[in-house]
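Asker: There's a structure below that I have some questions on.
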Amino acid sequence: MPLERMVFFSDAVFAIALTLLALDLKLPLGIPSERLTAELAGAVPELLAFALSFLIIARVWMSHHNDFFRIRDFNPQLAWLNMLLLFFIVMLPAPTAVLSDYGGNPSPWPSVLYAATISGVYLTLAGMWTYAWRKGLTDDTVNETEHRRVFLARLTAPAVFLLSIPAAFVLGSNTPFLWFLIIPVALLARRLTARHSPAATQ
């Protein structure tokens, strides 16, 4: 029951974070009809930032759900790691708003703040998974190969986002384009994991 309570609490926090993201989507009141098209076009960066953060929170929630399907027990240390993950999740709407409002600015800080938060999310998620496995809190289906596969997959996003932090001081407002590297990096990590799996070596 204590483990279920922690999972239910986490689900509620994820739902609150998604709601906070949506609250920032709004247009000014009293827009003249002739200005509506321009205002909608100007809201595109805000919508893209919302969509990116929504996708990330949704993916992290699904990963969290899958992890705790195989984590059968917990201790105070794992509970605190889970709280750290929820801290980054709840904080995500703030850098999302900064990115949507000031992402077109030459300053690197909107992208740096956003990338640092996303990196915190995925590094904490990876740390929780490894800690649970090493402490024997997972079920018998999680062997060393399965642990490594999930762990490497969790490192894909922070590898790209952490790389984008120093790059932001050169790329400025173009930094978000660098985040598309997640796609080839994820494919590469999946291929390397499959190559070193027992099935691949038989």
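Naming scheme: A, B, ... for chains in displayed order of the structure tokens; residues 1 onward per chain; ligands 1 onward as shown.
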Can you tell me which residues surround A:Val13 at a distance of at most 8 Å, considering only C-alpha atoms, apart from same-chain residues fewer than 6 positions away, and format the answer as a list of chain:residue names?
Answerer: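 Here the qualifying residues turn out to be A:Leu86, A:Ile89, A:Val90.
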Asker: Can I get the selected residues back with N, CA and C atoms, as a PDB file, in the first residue's frame?
Answerer:
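This is the output file again.pdb:
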ATOM      1  N   LEU A  86       9.666  14.640  -9.201  1.00  0.00           N
ATOM      2  CA  LEU A  86       8.440  15.444  -9.208  1.00  0.00           C
ATOM      3  C   LEU A  86       8.751  16.933  -9.090  1.00  0.00           C
ATOM      4  N   ILE A  89       9.459  17.996 -12.557  1.00  0.00           N
ATOM      5  CA  ILE A  89       8.235  17.959 -13.350  1.00  0.00           C
ATOM      6  C   ILE A  89       7.361  19.177 -13.054  1.00  0.00           C
ATOM      7  N   VAL A  90       7.186  19.498 -11.781  1.00  0.00           N
ATOM      8  CA  VAL A  90       6.357  20.644 -11.401  1.00  0.00           C
ATOM      9  C   VAL A  90       6.998  21.959 -11.833  1.00  0.00           C
TER      10      VAL A  90
END
Asker: Between A:Asn105, A:Ser53, A:Asn66, A:Ser10, single out the one closest to A:Thr117, counting only C-alpha atoms.
Answerer: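 Distance minimum relative to A:Thr117 lands on A:Ser53.
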Asker: Give the answer as one residue: which of A:Ser63, A:Thr156, A:Ser164, A:Thr141 has the shortest atom-to-atom distance to A:Pro184, using only C-alpha atoms?
Answerer: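 Checking each candidate against A:Pro184, we get A:Thr156 as the closest.
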Asker: Could you check the closest approach to A:Tyr131 for each of A:Gly104, A:Pro2, A:Pro45, A:Pro76 and tell me which residue wins, using only C-alpha atoms?
Answerer: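 Among the listed residues, the smallest separation from A:Tyr131 belongs to A:Pro76.
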Asker: Mind pulling up the distance from atom CA of A:Leu162 to atom CA of A:Leu181?
Answerer: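 About the pair atom CA of A:Leu181 and atom CA of A:Leu162: they are 11.9 Å apart.
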Asker: May I ask for the distance between atom CA of A:Leu99 and atom CA of A:Leu152, given in Å to one decimal place?
Answerer: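 Pair atom CA of A:Leu99 / atom CA of A:Leu152 returns 27.6 Å.
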Asker: Let me make sure I understand: among A:Asn75, A:Pro93, A:Leu52, A:Ala153, which one has the smallest atom-to-atom distance to A:Phe180 if we use only C-alpha atoms?
Answerer: A:Leu52
Asker: Here is a test: counting only C-alpha atoms, which residue of A:Asp67, A:Ser100, A:Ile118, A:Trp80 is nearest to A:Val142?
Answerer: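 The shortest atom-to-atom distance to A:Val142 comes from A:Asp67.
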